[in-house]
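**Q** Next comes the structure file my_file_24.txt, holding compact mmCIF, C-alpha atoms and all ligand atoms.
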```txt
# COMPACT_ATOMS: atom_id res chain seq x y z
CA MET A 1 16.55 18.20 15.86
CA SER A 2 16.57 15.10 13.70
CA ASP A 3 15.65 11.47 14.17
CA ASN A 4 17.79 8.85 12.47
CA ARG A 5 15.67 5.85 13.41
CA PRO A 6 14.16 4.03 10.39
CA ILE A 7 10.60 4.37 9.09
CA GLY A 8 8.68 1.09 9.44
CA VAL A 9 6.50 0.04 6.51
CA PHE A 10 4.36 -3.09 6.23
CA ASP A 11 1.99 -4.85 3.87
CA SER A 12 0.67 -8.37 3.33
CA GLY A 13 3.32 -8.94 0.66
CA LEU A 14 4.91 -7.07 -2.21
CA GLY A 15 2.32 -4.31 -2.62
CA GLY A 16 3.75 -2.01 0.03
CA LEU A 17 6.89 -1.72 -2.08
CA THR A 18 4.97 0.67 -4.33
CA VAL A 19 4.88 2.94 -1.26
CA VAL A 20 8.57 2.32 -0.45
CA ARG A 21 9.47 3.26 -4.04
CA GLU A 22 7.77 6.65 -3.59
CA LEU A 23 9.26 7.17 -0.11
CA LYS A 24 12.75 6.55 -1.47
CA ARG A 25 12.14 9.02 -4.28
CA LEU A 26 10.81 11.77 -2.00
CA LEU A 27 12.88 11.08 1.14
CA PRO A 28 16.19 9.62 -0.08
CA ASN A 29 17.92 10.15 3.29
CA GLU A 30 15.49 8.02 5.29
CA ASP A 31 16.29 4.48 6.42
CA ILE A 32 13.38 2.11 5.90
CA VAL A 33 12.51 -1.27 7.44
CA TYR A 34 9.98 -3.12 5.27
CA PHE A 35 7.97 -6.12 6.36
CA GLY A 36 5.92 -8.12 3.82
CA ASP A 37 3.76 -10.80 5.41
CA THR A 38 4.23 -13.16 2.47
CA GLY A 39 3.41 -16.20 4.57
CA ARG A 40 -0.15 -14.95 5.09
CA VAL A 41 -0.89 -12.95 1.91
CA PRO A 42 -3.63 -12.12 0.88
CA TYR A 43 -5.25 -10.08 3.64
CA GLY A 44 -7.94 -8.59 1.43
CA THR A 45 -10.22 -11.62 1.34
CA ARG A 46 -10.15 -12.31 5.11
CA SER A 47 -12.36 -11.19 7.99
CA ASN A 48 -11.80 -7.79 9.61
CA ASP A 49 -10.81 -9.45 12.90
CA ILE A 50 -8.07 -11.51 11.26
CA VAL A 51 -6.72 -8.44 9.42
CA LYS A 52 -6.57 -6.55 12.73
CA LYS A 53 -4.75 -9.42 14.44
CA TYR A 54 -2.20 -9.67 11.60
CA ALA A 55 -1.71 -5.88 11.58
CA ARG A 56 -0.92 -5.88 15.31
CA GLU A 57 1.67 -8.62 14.86
CA ASP A 58 3.28 -6.83 11.89
CA GLU A 59 3.43 -3.61 13.92
CA ALA A 60 5.00 -5.47 16.87
CA PHE A 61 7.76 -6.72 14.57
CA LEU A 62 8.43 -3.21 13.25
CA LEU A 63 8.54 -1.80 16.80
CA SER A 64 11.21 -4.42 17.62
CA GLN A 65 13.30 -2.72 14.89
CA ASN A 66 13.18 0.62 16.73
CA VAL A 67 11.20 2.48 14.06
CA LYS A 68 10.20 6.13 14.49
CA MET A 69 6.95 5.81 12.56
CA ILE A 70 4.77 3.03 11.14
CA ILE A 71 3.12 3.16 7.74
CA ALA A 72 0.40 0.64 6.92
CA ALA A 73 1.26 0.42 3.22
CA CYS A 74 -1.81 -1.73 2.72
CA GLY A 75 -5.26 -0.48 1.73
CA THR A 76 -6.89 -3.39 3.54
CA VAL A 77 -5.20 -2.70 6.89
CA SER A 78 -5.77 1.03 6.41
CA SER A 79 -9.49 0.38 5.86
CA VAL A 80 -10.30 -1.86 8.80
CA ALA A 81 -7.40 -1.92 11.25
CA TYR A 82 -6.60 1.79 11.62
CA MET A 83 -7.81 1.78 15.24
CA THR A 84 -4.59 0.02 16.16
CA ALA A 85 -3.00 3.48 15.75
CA ASP A 86 -4.21 4.40 19.23
CA GLU A 87 -2.19 1.58 20.72
CA LEU A 88 1.12 2.50 19.09
CA PRO A 89 3.93 4.42 20.79
CA VAL A 90 5.01 5.98 17.45
CA PRO A 91 3.11 7.97 14.79
CA PHE A 92 1.02 5.84 12.42
CA LEU A 93 0.09 6.72 8.83
CA GLU A 94 -2.20 4.86 6.48
CA VAL A 95 -2.83 4.95 2.73
CA VAL A 96 -6.59 5.63 2.43
CA THR A 97 -6.74 9.26 3.63
CA PRO A 98 -3.95 10.58 1.35
CA ALA A 99 -5.36 8.73 -1.70
CA ALA A 100 -8.88 10.05 -1.08
CA LYS A 101 -7.54 13.60 -0.73
CA ALA A 102 -5.55 13.31 -3.98
CA ALA A 103 -8.63 11.98 -5.82
CA ALA A 104 -10.89 14.73 -4.50
CA GLU A 105 -8.35 17.28 -5.72
CA ALA A 106 -7.90 15.62 -9.12
CA THR A 107 -11.49 15.03 -10.24
CA LYS A 108 -13.14 17.47 -12.64
CA ASN A 109 -16.52 15.78 -13.16
CA GLY A 110 -16.96 14.63 -9.53
CA ARG A 111 -17.10 10.94 -10.55
CA ILE A 112 -14.44 8.92 -8.76
CA GLY A 113 -13.75 5.21 -9.11
CA VAL A 114 -12.22 3.07 -6.38
CA ILE A 115 -10.71 -0.37 -6.82
CA GLY A 116 -9.38 -2.41 -3.92
CA THR A 117 -9.57 -5.72 -2.16
CA PRO A 118 -12.98 -7.12 -1.10
CA VAL A 119 -12.33 -6.03 2.53
CA THR A 120 -11.42 -2.49 1.44
CA ILE A 121 -14.40 -2.06 -0.90
CA LYS A 122 -16.84 -3.48 1.65
CA SER A 123 -15.53 -1.04 4.28
CA ARG A 124 -16.30 1.99 2.02
CA SER A 125 -13.26 3.65 3.62
CA HIS A 126 -12.31 5.65 0.51
CA ALA A 127 -15.91 6.65 -0.19
CA ARG A 128 -16.32 8.01 3.35
CA ALA A 129 -13.05 9.93 3.15
CA ILE A 130 -13.91 11.38 -0.29
CA LEU A 131 -17.43 12.41 0.73
CA ARG A 132 -16.06 14.32 3.72
CA LEU A 133 -14.09 16.45 1.24
CA LEU A 134 -16.51 16.46 -1.72
CA PRO A 135 -20.05 15.78 -0.46
CA ASP A 136 -21.54 15.70 -3.99
CA ALA A 137 -19.03 13.23 -5.44
CA LEU A 138 -20.38 10.13 -7.19
CA ILE A 139 -18.37 7.04 -6.35
CA ALA A 140 -18.19 3.78 -8.27
CA ALA A 141 -16.28 0.94 -6.64
CA ASN A 142 -15.27 -2.60 -7.49
CA SER A 143 -13.07 -5.19 -5.82
CA CYS A 144 -10.40 -6.92 -7.91
CA PRO A 145 -9.33 -9.94 -5.83
CA LEU A 146 -7.31 -11.62 -8.62
CA PHE A 147 -4.99 -8.62 -9.01
CA VAL A 148 -3.03 -9.45 -5.82
CA PRO A 149 -2.03 -13.01 -6.80
CA LEU A 150 -1.18 -11.79 -10.33
CA VAL A 151 1.23 -9.21 -8.86
CA GLU A 152 2.70 -11.66 -6.31
CA GLU A 153 3.29 -14.01 -9.26
CA GLY A 154 5.02 -11.23 -11.22
CA TRP A 155 2.45 -11.14 -14.07
CA ILE A 156 2.64 -7.37 -14.22
CA SER A 157 3.60 -6.64 -17.83
CA SER A 158 1.00 -4.66 -19.78
CA ASP A 159 1.55 -7.20 -22.60
CA ASP A 160 0.32 -10.05 -20.42
CA SER A 161 -2.95 -11.11 -22.07
CA VAL A 162 -4.26 -12.94 -18.98
CA THR A 163 -3.75 -9.92 -16.70
CA PHE A 164 -5.23 -7.64 -19.36
CA SER A 165 -8.46 -9.61 -19.71
CA VAL A 166 -8.84 -9.87 -15.90
CA ALA A 167 -8.43 -6.08 -15.76
CA GLU A 168 -10.99 -5.52 -18.53
CA ARG A 169 -13.55 -7.55 -16.62
CA TYR A 170 -12.98 -5.83 -13.26
CA LEU A 171 -12.79 -2.32 -14.67
CA SER A 172 -15.78 -2.37 -17.04
CA PRO A 173 -18.32 -1.15 -14.39
CA LEU A 174 -16.02 1.80 -13.61
CA LYS A 175 -15.69 2.70 -17.27
CA ALA A 176 -19.46 2.54 -17.53
CA GLY A 177 -19.67 4.92 -14.54
CA ASP A 178 -17.76 7.56 -16.57
CA VAL A 179 -15.21 8.18 -13.80
CA ASP A 180 -12.43 10.68 -14.57
CA THR A 181 -10.32 9.65 -11.57
CA LEU A 182 -9.56 6.15 -10.31
CA ILE A 183 -8.02 5.32 -6.93
CA MET A 184 -5.83 2.22 -7.05
CA GLY A 185 -6.94 1.48 -3.49
CA CYS A 186 -4.73 -1.53 -2.93
CA THR A 187 -0.99 -0.97 -2.86
CA HIS A 188 -0.43 -3.98 -5.10
CA TYR A 189 -2.36 -2.34 -7.95
CA PRO A 190 0.15 0.38 -9.00
CA ALA A 191 2.30 -2.54 -10.15
CA LEU A 192 -0.40 -3.00 -12.81
CA ARG A 193 -0.58 0.71 -13.59
CA GLU A 194 0.13 0.36 -17.32
CA THR A 195 -2.51 -2.34 -17.75
CA ILE A 196 -5.08 -0.38 -15.75
CA ALA A 197 -4.31 2.81 -17.72
CA LYS A 198 -4.64 0.92 -21.02
CA VAL A 199 -8.06 -0.44 -20.05
CA MET A 200 -9.41 2.81 -18.57
CA GLY A 201 -8.19 4.88 -21.52
CA GLU A 202 -6.90 8.42 -21.75
CA GLY A 203 -8.52 11.10 -19.65
CA VAL A 204 -8.72 9.01 -16.47
CA THR A 205 -6.30 10.10 -13.72
CA LEU A 206 -4.93 7.16 -11.76
CA ILE A 207 -4.26 7.82 -8.08
CA ASP A 208 -1.33 5.87 -6.63
CA PRO A 209 -1.64 5.65 -2.82
CA GLY A 210 2.17 5.48 -2.60
CA THR A 211 2.70 8.93 -4.11
CA ALA A 212 0.01 10.56 -1.97
CA THR A 213 1.21 8.82 1.21
CA ALA A 214 4.89 9.65 0.69
CA GLU A 215 3.96 13.33 0.47
CA MET A 216 2.05 13.10 3.76
CA VAL A 217 4.98 11.29 5.44
CA LYS A 218 7.38 14.00 4.30
CA GLN A 219 5.10 16.72 5.65
CA HIS A 220 4.76 14.91 8.99
CA LEU A 221 8.52 14.39 9.42
CA GLU A 222 9.24 18.01 8.52
CA GLU A 223 6.62 19.38 10.89
CA LYS A 224 7.78 17.21 13.78
CA ASP A 225 11.49 17.77 13.08
CA MET A 226 12.00 14.04 12.61
CA LEU A 227 13.90 13.94 9.30
CA ASN A 228 17.02 11.78 9.01
CA PRO A 229 19.87 13.85 7.52
CA SER A 230 22.20 10.96 6.71
CA GLY A 231 20.46 7.62 6.08
CA GLY A 232 19.13 6.02 2.90
CA LYS A 233 19.31 2.28 3.55
CA CYS A 234 16.42 -0.12 3.21
CA LYS A 235 16.09 -3.48 5.00
CA TYR A 236 13.54 -6.01 3.79
CA PHE A 237 11.90 -8.74 5.89
CA VAL A 238 9.28 -11.31 4.90
CA SER A 239 7.48 -14.11 6.71
CA ASP A 240 8.04 -16.68 3.92
CA ARG A 241 10.10 -17.42 0.78
CA PRO A 242 12.64 -14.56 0.59
CA ASP A 243 13.80 -15.66 -2.89
CA ALA A 244 10.35 -15.45 -4.44
CA PHE A 245 9.95 -12.00 -2.89
CA SER A 246 13.26 -10.56 -4.12
CA LYS A 247 12.66 -11.53 -7.73
CA THR A 248 9.43 -9.55 -8.15
CA ALA A 249 10.55 -6.89 -5.65
CA GLU A 250 13.47 -5.97 -7.90
CA ILE A 251 11.13 -5.53 -10.88
CA LEU A 252 8.77 -3.37 -8.80
CA MET A 253 11.50 -1.24 -7.25
CA GLY A 254 13.47 -0.95 -10.48
CA GLU A 255 16.71 -1.69 -8.59
CA SER A 256 18.53 -4.62 -7.06
CA ILE A 257 18.01 -5.43 -3.41
CA GLU A 258 21.64 -5.58 -2.47
CA GLN A 259 21.26 -6.13 1.25
CA GLY A 260 19.06 -9.15 0.54
CA VAL A 261 15.80 -10.17 2.17
CA SER A 262 15.60 -11.82 5.60
CA GLN A 263 12.94 -14.16 6.86
CA VAL A 264 11.33 -13.57 10.27
CA ASP A 265 9.04 -15.81 12.27
CA ILE A 266 6.05 -13.49 12.69
CA PHE A 267 4.59 -15.82 15.35
CA ASP A 268 7.36 -14.53 17.67
CA TYR A 269 5.69 -11.11 17.63
CA ILE A 270 2.26 -11.86 18.97
N1 LIG A 301 -1.58 -4.59 -0.70
C1 LIG A 301 -2.71 -4.78 0.13
C2 LIG A 301 -3.73 -3.73 0.07
O1 LIG A 301 -3.35 -2.61 -0.19
C3 LIG A 301 -3.14 -6.15 0.48
C4 LIG A 301 -3.62 -7.04 -0.58
C5 LIG A 301 -4.00 -8.36 0.01
O2 LIG A 301 -3.21 -8.89 0.79
O3 LIG A 301 -5.10 -8.83 -0.29
O4 LIG A 301 -4.90 -3.92 0.29
```
As a first step, turn the structure in this file into C-alpha cells.
Ligand code: DGL
**A**
Amino acid sequence: MSDNRPIGVFDSGLGGLTVVRELKRLLPNEDIVYFGDTGRVPYGTRSNDIVKKYAREDEAFLLSQNVKMIIAACGTVSSVAYMTADELPVPFLEVVTPAAKAAAEATKNGRIGVIGTPVTIKSRSHARAILRLLPDALIAANSCPLFVPLVEEGWISSDDSVTFSVAERYLSPLKAGDVDTLIMGCTHYPALRETIAKVMGEGVTLIDPGTATAEMVKQHLEEKDMLNPSGGKCKYFVSDRPDAFSKTAEILMGESIEQGVSQVDIFDYI
C-alpha cells in the first residue's frame, strides 16, 4: 500500500521551510503543500486563543488540498494549539515532541536550553516534554521575539552585525546557565543557526526541530504504509506578498522555487 497524496505543512511564515528542507532531504519522493501565513505573521506574540483560531484556518486550507497528514511546522502552534489534532481527519504531527526527545538524547550534563517565541516559552511545552523523559534535567529558557522579523526580512547571514548583537543579548542567560544542548524551539531560528552557534560557542549541540520532526514523519509514514513512491513536488502558498516570500525562501531552501508561490485568501477557510 502507498499513499500519493501530499503532506501538508504550515507555519506563520517562512520558518516552516526549515522543516520542509529536512522533509525533502529525508523523504525525496513525497509531494508537499506548504502554507505560510505571511499576512498574519508573527503568531508568537499573540494570545493562545488567536493562535488556535489561526491554526484551525491554516489546517482547513491544507485539508482543501487533499493532504494525507498535517505538520504544524511552528513551535508556537505546536505549543498551544495541539488540541486541534483531535478535530482533524488526518494524522497530525508537531515540532515540540521530536525536538524535546532529540535534546534529551543529546545532553551530557543534563542542562538544556530552550529558545522560542514568547507564547512557546510561556507555555513551557518543551520543558514538560523534556522532564517526562529526563526528570532531573535543568532547563533554561528565553524568548527571542526579534528573531522572527529578522528572518522574515532575510537578515540571516552570520556576518550581519545587527542580528549578531540581538543574538548575543538573547542568548547570554543560556550561556550563563552552562547548557550543553540548545533547542531552537521556533522553526524560524534554524535560519540563524550559524549566528546562534557562533554566540553559544563550541560544545553546545543545537537541536533543529526540522531534523527531529522529519525523522518522526518518516517513521509514521513507514509504519502506516503511507509512503509516496513517485512524487517529489512542492507547492507553496502564502496569505500575502508571494514575491517577498520567494526571495528569502530560496535562500533558506538553497534552491529555486520553480513552481512559484501562490497567494490564497485564508479568510475563505474559516
Ligand atoms: N515559526 C514559528 C514558530 O516556530 C512562528 C514564529 C512566529 O510567527 O512568531 O514558533
**Q** List every residue of region 142-198 of chain A that has an atom at most 12 Å from any atom of region 16-25 of chain A, giving for each one its closest atom pair and the distance in Å to one decimal, counting all atoms listed in the file, sorted by chain and then by ascending residue number, as CSV.
**A**
```
residue,atom,partner,partner_atom,distance
A:Val148,CA,A:Gly16,CA,11.6
A:Val151,CA,A:Thr18,CA,11.5
A:Glu152,CA,A:Leu17,CA,11.6
A:Met184,CA,A:Thr18,CA,11.2
A:Gly185,CA,A:Gly16,CA,11.8
A:Cys186,CA,A:Gly16,CA,9.0
A:Thr187,CA,A:Gly16,CA,5.6
A:His188,CA,A:Gly16,CA,6.9
A:Tyr189,CA,A:Thr18,CA,8.7
A:Pro190,CA,A:Thr18,CA,6.7
A:Ala191,CA,A:Thr18,CA,7.2
A:Leu192,CA,A:Thr18,CA,10.7
A:Arg193,CA,A:Thr18,CA,10.8
```
**Q** Please, what distance in Å, to one decimal, runs between CA of Ala141 (chain A) and CA of Cys74 (chain A)?
**A**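 Pair CA of Ala141 (chain A) / CA of Cys74 (chain A) returns 17.4 Å.
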**Q** For Pro89 (chain A), please output as a VMD selection string all residues within 9 Å (counting all atoms listed in the file; exclusion window: fewer than 3 positions along the same chain).
**A** chain A and resid 63 69 85 to 86 92
**Q** Residues at most 9 Å from Gly75 (chain A), counting only C-alpha atoms, excluding those fewer than 5 positions away in the same chain, as a list in words?
**A** Asp11, Gly44, Val80, Glu94, Val95, Val96, Gly116, Thr117, Thr120, Gly185, Cys186, Thr187 and Pro209 of chain A
**Q** What is the atom C5 of ligand LIG 301 (chain A)-CA of Ala100 (chain A) distance in Å, reported with one decimal?
**A** 19.1 Å
**Q** Name all residues at most 9 Å from Ser143 (chain A) (count only C-alpha atoms; drop same-chain ones fewer than 6 positions away) and give them as a ChimeraX atom specification.
**A** /A:114-122,170
**Q** Can you tell me which residues surround Glu255 (chain A) at a distance of at most 12 Å, considering only C-alpha atoms, apart from same-chain residues fewer than 2 positions away, and format the answer as a list in words?
**A**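 Result of the neighbour search: Leu17, Arg21, Lys24, Cys234, Ser246, Lys247, Thr248, Ala249, Glu250, Ile251, Leu252, Met253, Ile257, Glu258 and Gln259 of chain A.
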**Q** Okay, now the selection with C-alpha atoms, as a short mmCIF file (atom, residue, chain, number, x, y, z; two decimals), in the coordinates of the input?
**A**
```cif
data_model
loop_
_atom_site.label_atom_id
_atom_site.label_comp_id
_atom_site.auth_asym_id
_atom_site.auth_seq_id
_atom_site.Cartn_x
_atom_site.Cartn_y
_atom_site.Cartn_z
CA LEU A 17 6.89 -1.72 -2.08
CA ARG A 21 9.47 3.26 -4.04
CA LYS A 24 12.75 6.55 -1.47
CA CYS A 234 16.42 -0.12 3.21
CA SER A 246 13.26 -10.56 -4.12
CA LYS A 247 12.66 -11.53 -7.73
CA THR A 248 9.43 -9.55 -8.15
CA ALA A 249 10.55 -6.89 -5.65
CA GLU A 250 13.47 -5.97 -7.90
CA ILE A 251 11.13 -5.53 -10.88
CA LEU A 252 8.77 -3.37 -8.80
CA MET A 253 11.50 -1.24 -7.25
CA ILE A 257 18.01 -5.43 -3.41
CA GLU A 258 21.64 -5.58 -2.47
CA GLN A 259 21.26 -6.13 1.25
#
```
**Q** Using only C-alpha atoms and all ligand atoms for the distances, tell me which of A:Thr38, A:Thr163, A:Thr213, A:Ser262 is nearest to ligand LIG 301 (chain A).
**A**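 Of A:Thr38, A:Thr163, A:Thr213, A:Ser262, the one nearest ligand LIG 301 (chain A) is A:Thr38, counting only C-alpha atoms and all ligand atoms.
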**Q** From the list A:Asp268, A:Asp208, A:Asp160, A:Glu222, which residue is nearest ligand LIG 301 (chain A) when using only C-alpha atoms and all ligand atoms?
**A**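 Closest candidate: A:Asp208.
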**Q** (-11.0, 0.2, -13.4) in this file's frame - what residues fall within 8 Å of it? Use all atoms listed in the file and give the answer as a PDB file with C-alpha atoms, keeping the file's coordinate frame.
**A**
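Saved as point08.pdb:
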```pdb
ATOM      1  CA  GLY A 113     -13.750   5.210  -9.110  1.00  0.00           C
ATOM      2  CA  VAL A 114     -12.220   3.070  -6.380  1.00  0.00           C
ATOM      3  CA  ILE A 115     -10.710  -0.370  -6.820  1.00  0.00           C
ATOM      4  CA  ASN A 142     -15.270  -2.600  -7.490  1.00  0.00           C
ATOM      5  CA  ALA A 167      -8.430  -6.080 -15.760  1.00  0.00           C
ATOM      6  CA  GLU A 168     -10.990  -5.520 -18.530  1.00  0.00           C
ATOM      7  CA  TYR A 170     -12.980  -5.830 -13.260  1.00  0.00           C
ATOM      8  CA  LEU A 171     -12.790  -2.320 -14.670  1.00  0.00           C
ATOM      9  CA  SER A 172     -15.780  -2.370 -17.040  1.00  0.00           C
ATOM     10  CA  PRO A 173     -18.320  -1.150 -14.390  1.00  0.00           C
ATOM     11  CA  LEU A 174     -16.020   1.800 -13.610  1.00  0.00           C
ATOM     12  CA  LYS A 175     -15.690   2.700 -17.270  1.00  0.00           C
ATOM     13  CA  LEU A 182      -9.560   6.150 -10.310  1.00  0.00           C
ATOM     14  CA  ILE A 196      -5.080  -0.380 -15.750  1.00  0.00           C
ATOM     15  CA  VAL A 199      -8.060  -0.440 -20.050  1.00  0.00           C
ATOM     16  CA  MET A 200      -9.410   2.810 -18.570  1.00  0.00           C
TER      17      MET A 200
END
```
**Q** Taking into account only C-alpha atoms and all ligand atoms, which residue in the set A:Ser125, A:Ser78, A:Ser239, A:Ser157 is nearest to ligand LIG 301 (chain A)?
**A**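 That would be A:Ser78, the residue with the smallest distance to ligand LIG 301 (chain A).
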**Q** Could you check the closest approach to Ser47 (chain A) for each of A:Met216, A:Ala81, A:Ala129, A:Met226 and tell me which residue wins, using only C-alpha atoms?
**A**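 For Ser47 (chain A), the nearest of the given residues is A:Ala81.
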